[in-house]
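Asker: Following this message is one structure expressed as structure tokens.
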Number of protein chains: 2
Amino acid sequence: MTEQYKIFETALQGADVGNPYTDIWLKAAFTDGADTVEVNGFYCGNGNYRVRFMPRRPGIWTAVTKSNDPQLNGIELRCECVPAGENNHGRVLPMNEVRPQSTVTLEDKFHFAYEDGTRFQPFGTTCYAWINQSREVQEETLETLKKAPFNKIRMCIFPKFYTYNTANPGSYAFEGNEADGFDFTRFNQGFWDNLEKRIAQLDELGIEADIILLHPYDKWGFSKMDRDTDVFYLRYAVDRLCHFKNVWWSLANEFDLMPWKTVEDWELYARVVMGRDSYGHLRSIHNCVALYDHTRPWITHVSIQRMDVYKTAENVNDWRRQYQKPIVVDECAYEGNINFGWGNITGEEMTRRFWEGCIRGGYLSHGEVYVQYDQIWWSHGGRLHGTCPERIAFLREVMADVPEGAAPLKLTAQNHEANWDVPCLCREDDNSYFLYYFGFFKPAFRTYELPEGCAYEIELLDTWDMAVTKLPGTYSGNIRVELPEKQYMAIRMKKA
Amino acid sequence: MTEQYKIFETALQGADVGNPYTDIWLKAAFTDGADTVEVNGFYCGNGNYRVRFMPRRPGIWTAVTKSNDPQLNGIELRCECVPAGENNHGRVLPMNEVRPQSTVTLEDKFHFAYEDGTRFQPFGTTCYAWINQSREVQEETLETLKKAPFNKIRMCIFPKFYTYNTANPGSYAFEGNEADGFDFTRFNQGFWDNLEKRIAQLDELGIEADIILLHPYDKWGFSKMDRDTDVFYLRYAVDRLCHFKNVWWSLANEFDLMPWKTVEDWELYARVVMGRDSYGHLRSIHNCVALYDHTRPWITHVSIQRMDVYKTAENVNDWRRQYQKPIVVDECAYEGNINFGWGNITGEEMTRRFWEGCIRGGYLSHGEVYVQYDQIWWSHGGRLHGTCPERIAFLREVMADVPEGAAPLKLTAQNHEANWDVPCLCREDDNSYFLYYFGFFKPAFRTYELPEGCAYEIELLDTWDMAVTKLPGTYSGNIRVELPEKQYMAIRMKKA
């Protein structure tokens with residue numbers, strides 16, 4: 001019995017001669033009579049093969065294997081799928097792919113939903129190399145994530161060689177090691193088993209694994225494999241991992257720091273990922289300085305690093321306008337005290353950036369780099385030490401309460417004077433909801449001309465102290481709201 | 001005896017019939033034998049006329065008046081000019097106009113100097129309507145300015161009608177009042193006498209008067225005079241005021257909020273101002289949203305209002321590149337608690353913007369809008385209540401210590417990695433000086449590869465606590481500087 005959206009897996013025995021990674025192919029087409037899903041099985045050493053399948057609907061799914069290895073060919077598979085349990089909503093997809101056409105609004109294209117229709121608002125974090133740390137640190141990272149507000153994590157498959165990241169990992173995706181070299185035609189099963197275990201554990205925590213397939217921080221050669229090796233690796237990664245409902249594909253981190261890979265390479269790799277992924281998981285490619293062309297159809301959402309040191313998440317509305325896709329600011333700098341400008345902003349500033357992005361209909365990812373600790377969260381995982389995670393938790397609650405269809409207020413000639421300075425997320429269609437965020441402004445009060453015929457309940461949100469204060473009574477007409485002359489305040493109005 | 005750069009003035013008696021403001025012209029060409037300076041005299045009511053002249057060189061300057069009024073024609077004038085006293089450096093001009101060609105550097109075009117060659121670094125403030133307040137408030141404003149760090153003030157001639165500014169002033173530039181209407185052909189002498197008194201008092205305090213000739217905040221009609229009336233007014237204003245060495249001409253504040261005036265109007269007005277100004281004072285035109293074309297040759301410096309709510313003074317390097325003139329961010333938002341986004345930033349943020357602009361080779365103006373007081377500094381003057389003025393005083397000291405010729409570090413492929421994040425003002429020609437400003441970053445330390453063969457004294461500047469801490473000894477080679485993990489720090493390195 002396999003739970004809907006979870007993994008059906010069959011172990012098979014086949015050829016153990018030559019190099020099965022390169023020589024043997026194995027497929028199965030699962031059908032429940034209505035739909036058919038073709039999956040690729042994969043080799044996992046010592047003559048062992050596996051076929052995995054994630055059923056998207058309860059019922060009986062059957063398949064017959066096909067392979068160029070007679071031992072693996074013609075095997076009948078049967079997956080009995082039962083309905084999803086609580087907190088199991090399936091994959092995350094662009095909202096406008098999930099929702100029936102009749103309910104798709106103009107705003108849906110900027111957001112995500114689980115495949116069962118439940119809204120998903122990513123609040124990501126970043127632990128690039130956490131699966132390449134010691135077992136103890138990996139366990140500690142999971143413990144931390146259990147209590148943290150994050151529901152997405154950016155993580156690499158290949159180890160990271162970079163400032164504050166110079167140790168070799170315990171194991172690699174390929175067989176071999178730094179001293180003896182790597183066999184780029186054979187995969188290291190221990191590595192992949194652990195990776196999958198971690199992805200499954202993240203799934204248990206409700207965390208999406210935003211898997212970074214390639215990245216430039218390298219001394220081992222994984223960033224400079226040739227095109228065929230890249231494709232060979234990508235196929236294997238996708239064949240194994242695509243069955244996890246919580247997987248997202250990030251083709252690369254800072255792709256532009258690998259100038260030896262061309263746009264043609266990336267486009268090919270995108271086709272490979274799409275071709276091998278039986279489920280159409282989310283796909284993105286992340287920049288350092290130069291943006292990839294995010295209008296490409298294969299890119300499901302814009303995974304962006306802030307383009308400017310000073311103006312970061314405030315650009316979300318421009319990016320929405322430009323790309324017409326969900327905007328995820330996966331790096332807006334990190335809270336911390338590192339000696340680089342990308343990782344030494346305050347918790348206040350980090351929290352402000354989250355708010356500035358969310359209020360504009362975007363999403364962000366967190367990261368933390370306090371260098372006095374053995375593990376630095378942004379890369380190693382471990383523990384969190386910063387001040388912003390609990391504020392992000394507060395923001396996440398606020399955002400969960402935002403009605404669907406809410407969008408950034410459209411500035412017009414009429415409303416410009418009252419709204420040019422303070423961003424607002426609202427339901428303009430029925431005037432039911434307005435959320436204003438004041439950022440670094442500290443006004444003593446603010447006036448509003450409320451929509452005619454509507455009465456509102458008004459709350460003051462102190463986004464730093466994480467306090468919600470309801471103002472007495474209800475409000476209509478021209479009103480003045482007193483504010484505490486503090487930074488990081490918000491005003492929430494809901495139709496009474 | 002007239003002190004160099006100060007005002008020689010002669011009172012004359014002439015026609016008192018018809019409308020001398022429109023009917024009578026009066027000129028005098030002063031010469032010391034080498035140079036000739038033509039000035040326009042002006043009418044000041046009751047048959048009184050004055051001729052003013054600001055001698056730019058000691059010696060005997062003589063002139064013979066010319067006028068269409070025989071009484072005013074052919075009068076011999078003699079100005080005996082003695083050398084400038086202490087703290088009298090003459091007009092402020094673009095540095096590259098003042099300095100002998102041989103010493104002009106590429107950086108000079110972005111800066112100012114007094115005409116005697118002394119460097120002038122503007123640290124402005126803004127009291128738009130201070131001369132339109134009660135006498136007591138005007139006196140209080142001057143008292144405040146005496147102790148404040150500002151050496152330039154933006155101020156209007158016409159009164160201001162705007163939020164928090166609804167009272168009528170005691171007198172107007174034109175004869176008349178709101179109830180009875182104005183005579184746009186006759187000037188109110190009491191008003192102009194007071195204005196000149198205030199300009200002279202500012203000069204005594206070493207403060208440049210950045211005179212805003214036209215502005216849109218109006219209920220009396222001064223913003224909607226026709227073109228001929230504008231020209232008539234501008235001629236009179238310039239004829240009277242151009243002799244004050246501390247006058248700058250700001251053609252307009254937020255010119256783009258007067259869309260009924262065309263570019264042709266502004267270009268005409270610029271020609272009028274230049275034509276009547278015997279001394280070539282600084283000229284600018286200030287925007288609200290849309291920039292004027294600051295490449296126009298008559299514009300001596302870019303008087304800019306920040307173009308973006310979030311990224312303000314950090315744009316100075318772009319504007320320098322674009323305009324190749326001094327950049328004065330005359331509005332980067334104001335410290336305060338007003339209910340508008342242009343005036344409720346913290347003292348910290350205001351101070352940060354000053355630093356961000358100065359470190360990039362620009363200049364800024366201050367403003368303050370705390371609405372709980374009867375007088376709000378930005379418009380009325382009165383007293384200062386904010387936290388940034390003393391920090392601006394500290395910055396002014398730091399900037400006065402920056403060697404001339406210092407320029408923003410030029411980012412290159414070679415130095416990019418070490419410098420992309422933190423702006424630096426430095427002398428790259430001889431490596432004698434480096435000033436790094438960390439803004440909202442709070443690094444625990446920073447590493448530097450110091451120029452070969454140089455040893456440096458290093459100071460930590462806490463730009464908020466206004467403390468300078470010299471690190472022991474001198475430094476060379478590859479060094480690491482520990483920092484206190486606070487925002488708003490700077491590092492200053494001087495060749496030992």
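Labels used: A, B, ... for chains in the order of the structure tokens, numbers from 1 for residues in each chain, and numbers from 1 for ligands as shown.
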Which residues come within 10 Å of Val231 (chain A), counting only C-alpha atoms, excluding same-chain residues fewer than 4 positions away, as a compact mmCIF listing (two decimals) with C-alpha atoms, in the first residue's frame?

Answerer:
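New file out06.txt:
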# COMPACT_ATOMS: atom_id res chain seq x y z
CA MET A 225 32.56 17.99 -15.96
CA ASP A 226 32.01 17.87 -19.69
CA ARG A 227 28.58 18.14 -21.19
CA ARG A 235 19.72 11.83 -15.58
CA TYR A 236 20.76 9.73 -12.64
CA ALA A 237 19.89 12.44 -10.12
CA ASP A 265 24.37 23.77 -22.07
CA LEU A 268 20.06 21.13 -22.79
CA TYR A 269 20.25 20.37 -19.07
CA ALA A 270 16.79 21.81 -18.58
CA ARG A 271 15.48 19.50 -21.32
CA VAL A 272 17.23 16.54 -19.70
CA VAL A 273 15.69 17.33 -16.32

Asker: Might you pull out every residue within 8 Å of Arg276 (chain B), with only C-alpha atoms counted and same-chain residues fewer than 6 positions away left off, and present them as a PyMOL selection string?

Answerer: chain B and resi 39-40+235+238-239

Asker: Could you check which of A:Glu139, A:Ala290, A:Glu368, A:Pro149 is closest to Lys197 (chain A), using only C-alpha atoms?

Answerer: A:Glu139

Asker: Kindly provide, as a ChimeraX atom specification, the residues of chain A having any atom no farther than 6 Å from an atom of chain B, counting only C-alpha atoms.

Answerer: /A:311,337-339,341,344-345,421,441-446

Asker: If you count only C-alpha atoms, which residues fall within 7 Å of region 202-205 of chain B, apart from same-chain ones fewer than 3 positions away, as a ChimeraX atom specification?

Answerer: /B:146,198-199,208,246

Asker: Those residues with N, CA and C atoms, as a compact mmCIF listing (two decimals), in the first residue's frame please?

Answerer:
# COMPACT_ATOMS: atom_id res chain seq x y z
N LYS B 146 23.26 78.77 13.88
CA LYS B 146 24.56 79.13 14.45
C LYS B 146 25.27 77.91 15.02
N ARG B 198 18.20 88.60 5.87
CA ARG B 198 18.38 87.19 6.24
C ARG B 198 19.52 86.56 5.43
N ILE B 199 19.59 86.91 4.16
CA ILE B 199 20.69 86.37 3.34
C ILE B 199 22.04 86.83 3.91
N GLU B 208 25.52 79.25 2.72
CA GLU B 208 25.09 79.61 1.38
C GLU B 208 23.56 79.58 1.31
N ASN B 246 26.90 84.78 -1.14
CA ASN B 246 26.46 83.45 -0.71
C ASN B 246 25.16 83.01 -1.37

Asker: Rounded to one decimal in Å, what is the spacing between CA of Ser284 (chain A) and CA of Val92 (chain A)?

Answerer: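 It comes out at 13.4 Å.
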
Asker: Would you please extract all helix (DSSP H, G or I) residues from region 81-192 of chain B, as assigned by DSSP on the backbone, and give them as a count of residues only?

Answerer: 30

Asker: Could you give me, as number ranges by chain, the residues within 9 Å of region 470-476 of chain B, counting only C-alpha atoms and dropping anything in the same chain fewer than 6 positions from it?

Answerer: B: 449-461, 495-496

Asker: Would you mind exporting N, CA and C atoms of the selected residues as a PDB file, in the first residue's frame?

Answerer:
ATOM      1  N   GLU B 449      44.300  43.875   1.406  1.00  0.00           N
ATOM      2  CA  GLU B 449      45.614  43.686   0.816  1.00  0.00           C
ATOM      3  C   GLU B 449      46.121  45.096   0.531  1.00  0.00           C
ATOM      4  N   LEU B 450      46.957  45.604   1.415  1.00  0.00           N
ATOM      5  CA  LEU B 450      47.369  47.007   1.302  1.00  0.00           C
ATOM      6  C   LEU B 450      48.359  47.181   0.154  1.00  0.00           C
ATOM      7  N   PRO B 451      48.359  48.362  -0.441  1.00  0.00           N
ATOM      8  CA  PRO B 451      49.278  48.603  -1.568  1.00  0.00           C
ATOM      9  C   PRO B 451      50.722  48.315  -1.157  1.00  0.00           C
ATOM     10  N   GLU B 452      51.437  47.697  -2.067  1.00  0.00           N
ATOM     11  CA  GLU B 452      52.821  47.293  -1.795  1.00  0.00           C
ATOM     12  C   GLU B 452      53.687  48.478  -1.396  1.00  0.00           C
ATOM     13  N   GLY B 453      54.522  48.258  -0.418  1.00  0.00           N
ATOM     14  CA  GLY B 453      55.489  49.281  -0.031  1.00  0.00           C
ATOM     15  C   GLY B 453      54.917  50.424   0.774  1.00  0.00           C
ATOM     16  N   CYS B 454      53.643  50.314   1.179  1.00  0.00           N
ATOM     17  CA  CYS B 454      53.037  51.399   1.954  1.00  0.00           C
ATOM     18  C   CYS B 454      52.685  50.904   3.353  1.00  0.00           C
ATOM     19  N   ALA B 455      52.887  51.767   4.328  1.00  0.00           N
ATOM     20  CA  ALA B 455      52.428  51.481   5.689  1.00  0.00           C
ATOM     21  C   ALA B 455      51.328  52.484   6.024  1.00  0.00           C
ATOM     22  N   TYR B 456      50.349  52.030   6.781  1.00  0.00           N
ATOM     23  CA  TYR B 456      49.177  52.866   7.047  1.00  0.00           C
ATOM     24  C   TYR B 456      48.873  52.974   8.530  1.00  0.00           C
ATOM     25  N   GLU B 457      48.389  54.144   8.896  1.00  0.00           N
ATOM     26  CA  GLU B 457      47.712  54.290  10.176  1.00  0.00           C
ATOM     27  C   GLU B 457      46.234  54.040   9.915  1.00  0.00           C
ATOM     28  N   ILE B 458      45.634  53.291  10.811  1.00  0.00           N
ATOM     29  CA  ILE B 458      44.238  52.907  10.590  1.00  0.00           C
ATOM     30  C   ILE B 458      43.388  53.372  11.767  1.00  0.00           C
ATOM     31  N   GLU B 459      42.261  53.959  11.428  1.00  0.00           N
ATOM     32  CA  GLU B 459      41.301  54.380  12.448  1.00  0.00           C
ATOM     33  C   GLU B 459      39.949  53.744  12.176  1.00  0.00           C
ATOM     34  N   LEU B 460      39.274  53.361  13.250  1.00  0.00           N
ATOM     35  CA  LEU B 460      37.876  52.942  13.146  1.00  0.00           C
ATOM     36  C   LEU B 460      37.010  54.147  13.460  1.00  0.00           C
ATOM     37  N   LEU B 461      36.047  54.391  12.599  1.00  0.00           N
ATOM     38  CA  LEU B 461      35.127  55.495  12.830  1.00  0.00           C
ATOM     39  C   LEU B 461      33.745  54.913  13.127  1.00  0.00           C
ATOM     40  N   LYS B 495      48.339  56.924   4.824  1.00  0.00           N
ATOM     41  CA  LYS B 495      49.740  56.525   4.698  1.00  0.00           C
ATOM     42  C   LYS B 495      50.515  57.077   5.888  1.00  0.00           C
ATOM     43  N   ALA B 496      51.252  56.197   6.545  1.00  0.00           N
ATOM     44  CA  ALA B 496      51.983  56.622   7.746  1.00  0.00           C
ATOM     45  C   ALA B 496      53.215  57.423   7.337  1.00  0.00           C
TER      46      ALA B 496
END

Asker: Apply DSSP to the backbone of this structure and, from region 26-90 of chain A, keep only the residues in strand (DSSP E or B); write these as JSON, numbers by chain.

Answerer: {"A": [26, 27, 28, 29, 30, 31, 36, 37, 38, 39, 40, 42, 43, 48, 49, 50, 51, 52, 53, 59, 60, 61, 62, 63, 64, 65, 66, 67, 76, 77, 78, 79, 80, 81, 82]}

Asker: Go ahead and write the selection's residues with N, CA, C and O atoms as a CSV table (one decimal), in the first residue's frame.

Answerer:
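Saved file result-v9.csv follows:
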chain,number,residue,atom,x,y,z
A,26,LEU,N,16.2,1.0,-17.8
A,26,LEU,CA,15.1,0.4,-17.2
A,26,LEU,C,14.0,1.4,-17.1
A,26,LEU,O,14.2,2.5,-16.6
A,27,LYS,N,12.8,1.0,-17.6
A,27,LYS,CA,11.7,1.9,-17.6
A,27,LYS,C,10.4,1.1,-17.1
A,27,LYS,O,10.4,-0.1,-17.2
A,28,ALA,N,9.4,1.9,-16.7
A,28,ALA,CA,8.1,1.3,-16.4
A,28,ALA,C,7.1,2.4,-16.6
A,28,ALA,O,7.3,3.5,-16.3
A,29,ALA,N,6.0,2.0,-17.2
A,29,ALA,CA,4.9,3.0,-17.5
A,29,ALA,C,3.7,2.6,-16.6
A,29,ALA,O,3.0,1.6,-16.8
A,30,PHE,N,3.5,3.3,-15.5
A,30,PHE,CA,2.4,3.0,-14.6
A,30,PHE,C,1.1,3.6,-15.1
A,30,PHE,O,1.1,4.8,-15.5
A,31,THR,N,0.1,2.8,-15.0
A,31,THR,CA,-1.3,3.3,-15.4
A,31,THR,C,-2.3,2.9,-14.4
A,31,THR,O,-2.2,1.8,-13.8
A,36,THR,N,-1.3,7.6,-17.6
A,36,THR,CA,0.0,6.8,-17.6
A,36,THR,C,1.1,7.7,-17.2
A,36,THR,O,1.2,8.8,-17.7
A,37,VAL,N,2.0,7.1,-16.4
A,37,VAL,CA,3.2,7.8,-15.9
A,37,VAL,C,4.4,7.0,-16.2
A,37,VAL,O,4.5,5.9,-15.6
A,38,GLU,N,5.3,7.4,-17.1
A,38,GLU,CA,6.4,6.7,-17.3
A,38,GLU,C,7.6,7.1,-16.4
A,38,GLU,O,7.8,8.3,-16.2
A,39,VAL,N,8.2,6.1,-15.8
A,39,VAL,CA,9.3,6.4,-14.9
A,39,VAL,C,10.6,5.6,-15.4
A,39,VAL,O,10.5,4.6,-16.1
A,40,ASN,N,11.7,6.2,-15.0
A,40,ASN,CA,13.0,5.5,-15.2
A,40,ASN,C,13.5,4.9,-13.9
A,40,ASN,O,13.6,5.5,-12.9
A,42,PHE,N,16.6,2.8,-11.9
A,42,PHE,CA,18.0,3.2,-11.8
A,42,PHE,C,18.8,2.1,-11.1
A,42,PHE,O,18.3,1.3,-10.4
A,43,TYR,N,20.1,2.1,-11.4
A,43,TYR,CA,21.0,1.1,-10.8
A,43,TYR,C,21.5,1.6,-9.5
A,43,TYR,O,21.7,2.8,-9.3
A,48,ASN,N,21.9,-4.5,-8.1
A,48,ASN,CA,20.6,-4.0,-7.6
A,48,ASN,C,20.0,-2.9,-8.4
A,48,ASN,O,20.7,-1.9,-8.7
A,49,TYR,N,18.7,-3.0,-8.7
A,49,TYR,CA,18.0,-1.9,-9.5
A,49,TYR,C,16.8,-1.6,-8.7
A,49,TYR,O,16.3,-2.4,-8.0
A,50,ARG,N,16.3,-0.4,-8.9
A,50,ARG,CA,15.1,0.0,-8.3
A,50,ARG,C,14.2,0.7,-9.3
A,50,ARG,O,14.7,1.5,-10.1
A,51,VAL,N,12.9,0.5,-9.1
A,51,VAL,CA,11.9,1.3,-9.8
A,51,VAL,C,11.1,2.0,-8.8
A,51,VAL,O,10.6,1.4,-7.8
A,52,ARG,N,11.0,3.3,-9.0
A,52,ARG,CA,10.2,4.1,-8.1
A,52,ARG,C,9.0,4.8,-8.8
A,52,ARG,O,9.1,5.1,-10.0
A,53,PHE,N,8.0,5.1,-8.1
A,53,PHE,CA,6.8,5.7,-8.7
A,53,PHE,C,6.0,6.4,-7.6
A,53,PHE,O,5.8,5.9,-6.5
A,59,GLY,N,-5.8,4.4,-6.1
A,59,GLY,CA,-6.3,3.4,-7.0
A,59,GLY,C,-5.2,2.4,-7.3
A,59,GLY,O,-4.2,2.4,-6.6
A,60,ILE,N,-5.4,1.6,-8.2
A,60,ILE,CA,-4.4,0.5,-8.6
A,60,ILE,C,-3.7,1.0,-9.8
A,60,ILE,O,-4.2,1.3,-10.8
A,61,TRP,N,-2.4,1.1,-9.6
A,61,TRP,CA,-1.5,1.5,-10.7
A,61,TRP,C,-0.6,0.3,-11.1
A,61,TRP,O,0.0,-0.3,-10.2
A,62,THR,N,-0.6,-0.1,-12.3
A,62,THR,CA,0.2,-1.2,-12.7
A,62,THR,C,1.2,-0.8,-13.8
A,62,THR,O,0.9,0.1,-14.6
A,63,ALA,N,2.2,-1.6,-13.9
A,63,ALA,CA,3.2,-1.3,-15.0
A,63,ALA,C,3.9,-2.6,-15.3
A,63,ALA,O,3.9,-3.6,-14.5
A,64,VAL,N,4.5,-2.7,-16.5
A,64,VAL,CA,5.4,-3.8,-16.8
A,64,VAL,C,6.8,-3.2,-17.2
A,64,VAL,O,6.8,-2.2,-18.0
A,65,THR,N,7.8,-3.6,-16.6
A,65,THR,CA,9.1,-3.0,-16.8
A,65,THR,C,9.6,-3.3,-18.2
A,65,THR,O,9.3,-4.3,-18.9
A,66,LYS,N,10.4,-2.4,-18.7
A,66,LYS,CA,11.1,-2.6,-20.0
A,66,LYS,C,12.6,-2.3,-19.7
A,66,LYS,O,12.9,-1.4,-19.0
A,67,SER,N,13.5,-3.1,-20.3
A,67,SER,CA,14.9,-2.9,-20.1
A,67,SER,C,15.7,-3.6,-21.2
A,67,SER,O,15.2,-4.5,-21.8
A,76,GLU,N,6.1,-7.5,-13.9
A,76,GLU,CA,4.8,-6.8,-13.6
A,76,GLU,C,4.9,-6.1,-12.3
A,76,GLU,O,5.3,-6.7,-11.3
A,77,LEU,N,4.5,-4.9,-12.2
A,77,LEU,CA,4.5,-4.1,-11.0
A,77,LEU,C,3.1,-3.6,-10.7
A,77,LEU,O,2.4,-3.3,-11.6
A,78,ARG,N,2.8,-3.6,-9.4
A,78,ARG,CA,1.5,-3.2,-9.0
A,78,ARG,C,1.6,-2.3,-7.8
A,78,ARG,O,2.1,-2.7,-6.7
A,79,CYS,N,1.1,-1.1,-7.9
A,79,CYS,CA,1.1,-0.1,-6.8
A,79,CYS,C,-0.3,0.1,-6.4
A,79,CYS,O,-1.2,0.7,-7.1
A,80,GLU,N,-0.6,-0.2,-5.1
A,80,GLU,CA,-2.0,0.0,-4.6
A,80,GLU,C,-1.9,1.3,-3.8
A,80,GLU,O,-1.3,1.4,-2.8
A,81,CYS,N,-2.6,2.3,-4.3
A,81,CYS,CA,-2.4,3.7,-3.7
A,81,CYS,C,-3.6,4.0,-2.9
A,81,CYS,O,-4.8,4.0,-3.4
A,82,VAL,N,-3.4,4.5,-1.7
A,82,VAL,CA,-4.5,4.9,-0.8
A,82,VAL,C,-4.4,6.4,-0.7
A,82,VAL,O,-3.4,7.0,-0.9

Asker: Name all residues at most 8 Å from region 83-86 of chain A (count only C-alpha atoms; drop same-chain ones fewer than 5 positions away) and give them as a VMD selection string.

Answerer: chain A and resid 3 to 5 57 to 58

Asker: What's the 12 Å shell around region 321-327 of chain B, counting only C-alpha atoms, without same-chain residues fewer than 6 positions away, as a VMD selection string?

Answerer: chain B and resid 93 to 97 106 to 113 120 to 122 282 to 284 286 291 to 306 313 to 315 357 to 358 360 to 365 408 410

Asker: Between CA of Tyr436 (chain B) and CA of Cys424 (chain B), what is the distance, to one decimal in Å?

Answerer: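 It comes out at 4.4 Å.
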
Asker: Have a look at CA of Phe182 (chain B) and CA of Ile157 (chain B) and let me know their distance in Å, one decimal.

Answerer: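 Computing the Euclidean distance for CA of Phe182 (chain B) and CA of Ile157 (chain B) yields 15.4 Å.
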
Asker: Report as a ChimeraX atom specification all protein, DNA and RNA residues lying within 7 Å of Gly90 (chain A), evaluated on only C-alpha atoms, omitting residues in the same chain fewer than 5 positions from it.

Answerer: /A:5,114-116,245
